[in-house]
Amino acid sequence: MTSESTPWRPKAAVPGRREPAGATPTGTGLRRRRRRRRIRRCSLGLAVLLFGAAGAGWLAYEKLDSNITADTDAASELARHEKERPTVIAPGALNILVIGSDSRSGAGNSRYGRDSGTERSDTTILLHLAADRRSATAVSLPRDLMVDVPSCRRRDGSQSEAAFTMLNHAFANGGSACTIRTVERLTNIRIDHHMVVDFEGFKKMVDAVDGVEVCLKQPIDDRAADLKLPAGRVTLDGEQALGYVRARKSLGDGSDTERMERQQRFLGALVSKVRSNDVLLNPVKLYPMLDAATSSLTTDPGLANLRRLYELVHGLRNLPTDDVQFLTAPRTAYPYDTDRDQLVEPEAHELFARLRADQPVAVTKEVTADSPSGTSGKAADGRDGEHSYGDGKSDGKTAAGSGLPDRPPTPPPTFRGNTATQDACG
């Protein structure tokens, strides 16, 4: 041996012997440090993804929320006339007036005609949601229905004259507030909320659900509506659907009543499509529909935010499509002008009274009674004060002390209409 120091060399690994932690640069300690670094990187990446998703979700929410226009002018005008408005007798039930505007102003609407600075309600639907949210009834009110339109404040601040005229003149005279006041006078039903949808919003909603299937008994070739379709089952995109529900003289008998029934069948098919595709439960499908629905929507301030709209829709998620009903208010030709309509009484009064009290009504494709609604004002035995609803059954009322046995309750009155589950070609 020499006196000089021997250079250090790592010991050879002994098979079967564990080296102490940190004994060498390539030992267990280094592996642990590397694992901790990987965990920290993964945690940081996950945090970035979570914050990114939350940020994207917030931006999406803000966009949808900002799409909705609050109709503050209508709210102020209705507040001025609060004393004349009907009282609520069925707490929990909701009555929403849906107005389809024929305005040519706004993005995408100019193609449907020149904007004259005024607009009329191309479609007016009174939507009643039962307090238990187990049924929904949509009543179309003819735009040519002769009604008492009150004096209303115009857009320029002037006041219109009260008049007996067509329903859609109310919207032209004083916008949604005037229409609401007119409908409330007509039906004695308190309108809780209202929505105004224009052409572009309707088209976007249809496209968002990838079209809606309808059944055509014969081919359509309507140049005015820019609509050319074959007979049979056809899936309409947004542009085609708009032409289909707006066309009048070229389809059916050319009447507004036939057009309203066509609109009701289409809306039923749209509801069915949304439910069958689970749109309400699928965020990927729900967002485009919400974006379409809100981008051209004007509502009362109570509904003019995404949270309130979501709560309304969410409350209807379990509503059976069999109980989503569409019908037209009982009407007939106005005797002094057959191009106009008037309500049929007492059927219309019965319909509105039941909706106001949150009582059920029923619809059927065909009615057997002579009345347009399938109801009559006398019982099957001819006694006044009892009602027969086209089925030969009494309403079960008996005179006090008559000694007659109680009769079973009658089914709700039946009106001509359809439900969301009825097949388009059925």
# chains A, B, ... in the order shown; residues from 1 in each chain; ligands from 1

call {"tool": "residues_around", "arguments": {"residues": "stretch 288-301 of chain A", "least_positions_apart": "5", "cutoff": "8 Å", "atoms": "only C-alpha atoms", "output": "MDAnalysis selection string"}}
result
chainID A and resid 64:65 67:72 74:75 193:198 200:202 204:205 208:209

call {"tool": "closest_residue", "arguments": {"among": "A:Leu94, A:Ile191, A:Ala362, A:Ala163", "to": "A:Arg133", "atoms": "only C-alpha atoms"}}
result
A:Leu94

call {"tool": "atom_distance", "arguments": {"atom1": "atom CA of A:Pro330", "atom2": "atom CA of A:Thr257"}}
result
10.1 Å

call {"tool": "decode", "arguments": {"residues": "stretch 183-199 of chain A", "atoms": "all heavy atoms", "output": "PDB file, in the first residue's frame"}}
result
ATOM      1  N   VAL A 183    -105.769  42.167 -24.282  1.00  0.00           N
ATOM      2  CA  VAL A 183    -106.036  40.754 -24.009  1.00  0.00           C
ATOM      3  C   VAL A 183    -106.619  40.584 -22.608  1.00  0.00           C
ATOM      4  O   VAL A 183    -107.519  39.763 -22.394  1.00  0.00           O
ATOM      5  CB  VAL A 183    -104.753  39.919 -24.185  1.00  0.00           C
ATOM      6  CG1 VAL A 183    -104.951  38.485 -23.701  1.00  0.00           C
ATOM      7  CG2 VAL A 183    -104.324  39.922 -25.653  1.00  0.00           C
ATOM      8  N   GLU A 184    -106.141  41.344 -21.657  1.00  0.00           N
ATOM      9  CA  GLU A 184    -106.684  41.241 -20.300  1.00  0.00           C
ATOM     10  C   GLU A 184    -108.147  41.666 -20.265  1.00  0.00           C
ATOM     11  O   GLU A 184    -108.962  41.052 -19.557  1.00  0.00           O
ATOM     12  CB  GLU A 184    -105.849  42.083 -19.333  1.00  0.00           C
ATOM     13  CG  GLU A 184    -104.486  41.480 -19.027  1.00  0.00           C
ATOM     14  CD  GLU A 184    -103.704  42.238 -17.977  1.00  0.00           C
ATOM     15  OE1 GLU A 184    -104.008  43.435 -17.765  1.00  0.00           O
ATOM     16  OE2 GLU A 184    -102.786  41.649 -17.373  1.00  0.00           O
ATOM     17  N   ARG A 185    -108.505  42.701 -21.011  1.00  0.00           N
ATOM     18  CA  ARG A 185    -109.911  43.116 -21.082  1.00  0.00           C
ATOM     19  C   ARG A 185    -110.760  42.055 -21.775  1.00  0.00           C
ATOM     20  O   ARG A 185    -111.904  41.811 -21.388  1.00  0.00           O
ATOM     21  CB  ARG A 185    -110.030  44.438 -21.844  1.00  0.00           C
ATOM     22  CG  ARG A 185    -109.520  45.653 -21.095  1.00  0.00           C
ATOM     23  CD  ARG A 185    -109.858  46.933 -21.832  1.00  0.00           C
ATOM     24  NE  ARG A 185    -109.450  48.113 -21.087  1.00  0.00           N
ATOM     25  CZ  ARG A 185    -109.866  49.346 -21.375  1.00  0.00           C
ATOM     26  NH1 ARG A 185    -110.706  49.543 -22.379  1.00  0.00           N
ATOM     27  NH2 ARG A 185    -109.450  50.372 -20.651  1.00  0.00           N
ATOM     28  N   LEU A 186    -110.190  41.430 -22.772  1.00  0.00           N
ATOM     29  CA  LEU A 186    -110.925  40.435 -23.543  1.00  0.00           C
ATOM     30  C   LEU A 186    -111.174  39.165 -22.745  1.00  0.00           C
ATOM     31  O   LEU A 186    -112.253  38.576 -22.813  1.00  0.00           O
ATOM     32  CB  LEU A 186    -110.131  40.100 -24.813  1.00  0.00           C
ATOM     33  CG  LEU A 186    -110.735  39.074 -25.772  1.00  0.00           C
ATOM     34  CD1 LEU A 186    -111.952  39.666 -26.478  1.00  0.00           C
ATOM     35  CD2 LEU A 186    -109.689  38.626 -26.790  1.00  0.00           C
ATOM     36  N   THR A 187    -110.183  38.723 -21.976  1.00  0.00           N
ATOM     37  CA  THR A 187    -110.233  37.417 -21.315  1.00  0.00           C
ATOM     38  C   THR A 187    -110.470  37.484 -19.812  1.00  0.00           C
ATOM     39  O   THR A 187    -110.828  36.476 -19.213  1.00  0.00           O
ATOM     40  CB  THR A 187    -108.906  36.674 -21.544  1.00  0.00           C
ATOM     41  OG1 THR A 187    -107.847  37.403 -20.903  1.00  0.00           O
ATOM     42  CG2 THR A 187    -108.594  36.547 -23.033  1.00  0.00           C
ATOM     43  N   ASN A 188    -110.224  38.649 -19.207  1.00  0.00           N
ATOM     44  CA  ASN A 188    -110.256  38.821 -17.752  1.00  0.00           C
ATOM     45  C   ASN A 188    -109.202  37.944 -17.072  1.00  0.00           C
ATOM     46  O   ASN A 188    -109.362  37.516 -15.926  1.00  0.00           O
ATOM     47  CB  ASN A 188    -111.640  38.513 -17.171  1.00  0.00           C
ATOM     48  CG  ASN A 188    -111.831  39.104 -15.781  1.00  0.00           C
ATOM     49  OD1 ASN A 188    -111.232  40.130 -15.448  1.00  0.00           O
ATOM     50  ND2 ASN A 188    -112.644  38.460 -14.949  1.00  0.00           N
ATOM     51  N   ILE A 189    -108.117  37.672 -17.783  1.00  0.00           N
ATOM     52  CA  ILE A 189    -107.000  36.889 -17.257  1.00  0.00           C
ATOM     53  C   ILE A 189    -105.807  37.815 -17.057  1.00  0.00           C
ATOM     54  O   ILE A 189    -105.420  38.549 -17.970  1.00  0.00           O
ATOM     55  CB  ILE A 189    -106.615  35.747 -18.221  1.00  0.00           C
ATOM     56  CG1 ILE A 189    -107.750  34.721 -18.324  1.00  0.00           C
ATOM     57  CG2 ILE A 189    -105.325  35.065 -17.772  1.00  0.00           C
ATOM     58  CD1 ILE A 189    -107.506  33.655 -19.370  1.00  0.00           C
ATOM     59  N   ARG A 190    -105.212  37.765 -15.888  1.00  0.00           N
ATOM     60  CA  ARG A 190    -104.033  38.580 -15.586  1.00  0.00           C
ATOM     61  C   ARG A 190    -102.821  38.003 -16.313  1.00  0.00           C
ATOM     62  O   ARG A 190    -102.494  36.823 -16.177  1.00  0.00           O
ATOM     63  CB  ARG A 190    -103.776  38.588 -14.079  1.00  0.00           C
ATOM     64  CG  ARG A 190    -102.465  39.269 -13.651  1.00  0.00           C
ATOM     65  CD  ARG A 190    -102.626  40.746 -13.549  1.00  0.00           C
ATOM     66  NE  ARG A 190    -101.418  41.389 -13.022  1.00  0.00           N
ATOM     67  CZ  ARG A 190    -101.435  42.493 -12.286  1.00  0.00           C
ATOM     68  NH1 ARG A 190    -102.590  43.057 -11.971  1.00  0.00           N
ATOM     69  NH2 ARG A 190    -100.317  43.043 -11.878  1.00  0.00           N
ATOM     70  N   ILE A 191    -102.139  38.832 -17.098  1.00  0.00           N
ATOM     71  CA  ILE A 191    -100.933  38.400 -17.801  1.00  0.00           C
ATOM     72  C   ILE A 191     -99.740  38.615 -16.866  1.00  0.00           C
ATOM     73  O   ILE A 191     -99.438  39.742 -16.470  1.00  0.00           O
ATOM     74  CB  ILE A 191    -100.732  39.187 -19.109  1.00  0.00           C
ATOM     75  CG1 ILE A 191    -101.951  39.016 -20.025  1.00  0.00           C
ATOM     76  CG2 ILE A 191     -99.467  38.721 -19.812  1.00  0.00           C
ATOM     77  CD1 ILE A 191    -102.264  37.593 -20.410  1.00  0.00           C
ATOM     78  N   ASP A 192     -99.065  37.521 -16.512  1.00  0.00           N
ATOM     79  CA  ASP A 192     -97.942  37.599 -15.576  1.00  0.00           C
ATOM     80  C   ASP A 192     -96.638  37.987 -16.272  1.00  0.00           C
ATOM     81  O   ASP A 192     -95.833  38.722 -15.701  1.00  0.00           O
ATOM     82  CB  ASP A 192     -97.760  36.244 -14.877  1.00  0.00           C
ATOM     83  CG  ASP A 192     -99.001  35.831 -14.109  1.00  0.00           C
ATOM     84  OD1 ASP A 192     -99.341  36.505 -13.133  1.00  0.00           O
ATOM     85  OD2 ASP A 192     -99.644  34.832 -14.519  1.00  0.00           O
ATOM     86  N   HIS A 193     -96.429  37.464 -17.469  1.00  0.00           N
ATOM     87  CA  HIS A 193     -95.208  37.755 -18.219  1.00  0.00           C
ATOM     88  C   HIS A 193     -95.547  37.857 -19.699  1.00  0.00           C
ATOM     89  O   HIS A 193     -96.602  37.403 -20.136  1.00  0.00           O
ATOM     90  CB  HIS A 193     -94.159  36.646 -18.021  1.00  0.00           C
ATOM     91  CG  HIS A 193     -93.722  36.462 -16.602  1.00  0.00           C
ATOM     92  ND1 HIS A 193     -92.963  37.381 -15.927  1.00  0.00           N
ATOM     93  CD2 HIS A 193     -93.947  35.431 -15.731  1.00  0.00           C
ATOM     94  CE1 HIS A 193     -92.733  36.939 -14.696  1.00  0.00           C
ATOM     95  NE2 HIS A 193     -93.318  35.766 -14.560  1.00  0.00           N
ATOM     96  N   HIS A 194     -94.640  38.434 -20.450  1.00  0.00           N
ATOM     97  CA  HIS A 194     -94.820  38.454 -21.902  1.00  0.00           C
ATOM     98  C   HIS A 194     -93.471  38.314 -22.600  1.00  0.00           C
ATOM     99  O   HIS A 194     -92.421  38.622 -22.027  1.00  0.00           O
ATOM    100  CB  HIS A 194     -95.534  39.723 -22.372  1.00  0.00           C
ATOM    101  CG  HIS A 194     -94.702  40.977 -22.254  1.00  0.00           C
ATOM    102  ND1 HIS A 194     -94.600  41.712 -21.095  1.00  0.00           N
ATOM    103  CD2 HIS A 194     -93.930  41.634 -23.178  1.00  0.00           C
ATOM    104  CE1 HIS A 194     -93.811  42.755 -21.283  1.00  0.00           C
ATOM    105  NE2 HIS A 194     -93.391  42.727 -22.537  1.00  0.00           N
ATOM    106  N   MET A 195     -93.518  37.796 -23.812  1.00  0.00           N
ATOM    107  CA  MET A 195     -92.334  37.625 -24.649  1.00  0.00           C
ATOM    108  C   MET A 195     -92.662  38.090 -26.065  1.00  0.00           C
ATOM    109  O   MET A 195     -93.746  37.789 -26.573  1.00  0.00           O
ATOM    110  CB  MET A 195     -91.903  36.154 -24.714  1.00  0.00           C
ATOM    111  CG  MET A 195     -91.588  35.510 -23.391  1.00  0.00           C
ATOM    112  SD  MET A 195     -91.162  33.753 -23.632  1.00  0.00           S
ATOM    113  CE  MET A 195     -90.834  33.263 -21.937  1.00  0.00           C
ATOM    114  N   VAL A 196     -91.737  38.794 -26.671  1.00  0.00           N
ATOM    115  CA  VAL A 196     -91.875  39.213 -28.062  1.00  0.00           C
ATOM    116  C   VAL A 196     -90.731  38.591 -28.849  1.00  0.00           C
ATOM    117  O   VAL A 196     -89.558  38.793 -28.519  1.00  0.00           O
ATOM    118  CB  VAL A 196     -91.850  40.751 -28.213  1.00  0.00           C
ATOM    119  CG1 VAL A 196     -92.055  41.152 -29.672  1.00  0.00           C
ATOM    120  CG2 VAL A 196     -92.920  41.395 -27.325  1.00  0.00           C
ATOM    121  N   VAL A 197     -91.067  37.816 -29.874  1.00  0.00           N
ATOM    122  CA  VAL A 197     -90.061  37.128 -30.696  1.00  0.00           C
ATOM    123  C   VAL A 197     -90.206  37.596 -32.129  1.00  0.00           C
ATOM    124  O   VAL A 197     -91.327  37.678 -32.657  1.00  0.00           O
ATOM    125  CB  VAL A 197     -90.246  35.595 -30.633  1.00  0.00           C
ATOM    126  CG1 VAL A 197     -89.140  34.891 -31.398  1.00  0.00           C
ATOM    127  CG2 VAL A 197     -90.274  35.117 -29.186  1.00  0.00           C
ATOM    128  N   ASP A 198     -89.090  37.914 -32.792  1.00  0.00           N
ATOM    129  CA  ASP A 198     -89.174  38.342 -34.186  1.00  0.00           C
ATOM    130  C   ASP A 198     -88.824  37.195 -35.136  1.00  0.00           C
ATOM    131  O   ASP A 198     -88.551  36.071 -34.710  1.00  0.00           O
ATOM    132  CB  ASP A 198     -88.298  39.581 -34.447  1.00  0.00           C
ATOM    133  CG  ASP A 198     -86.802  39.298 -34.301  1.00  0.00           C
ATOM    134  OD1 ASP A 198     -86.397  38.119 -34.319  1.00  0.00           O
ATOM    135  OD2 ASP A 198     -86.024  40.266 -34.183  1.00  0.00           O
ATOM    136  N   PHE A 199     -88.865  37.467 -36.431  1.00  0.00           N
ATOM    137  CA  PHE A 199     -88.644  36.440 -37.450  1.00  0.00           C
ATOM    138  C   PHE A 199     -87.312  35.716 -37.259  1.00  0.00           C
ATOM    139  O   PHE A 199     -87.230  34.493 -37.309  1.00  0.00           O
ATOM    140  CB  PHE A 199     -88.660  37.065 -38.847  1.00  0.00           C
ATOM    141  CG  PHE A 199     -89.990  37.624 -39.264  1.00  0.00           C
ATOM    142  CD1 PHE A 199     -90.064  38.660 -40.172  1.00  0.00           C
ATOM    143  CD2 PHE A 199     -91.167  37.112 -38.748  1.00  0.00           C
ATOM    144  CE1 PHE A 199     -91.285  39.181 -40.570  1.00  0.00           C
ATOM    145  CE2 PHE A 199     -92.393  37.618 -39.134  1.00  0.00           C
ATOM    146  CZ  PHE A 199     -92.446  38.662 -40.052  1.00  0.00           C
TER     147      PHE A 199
END
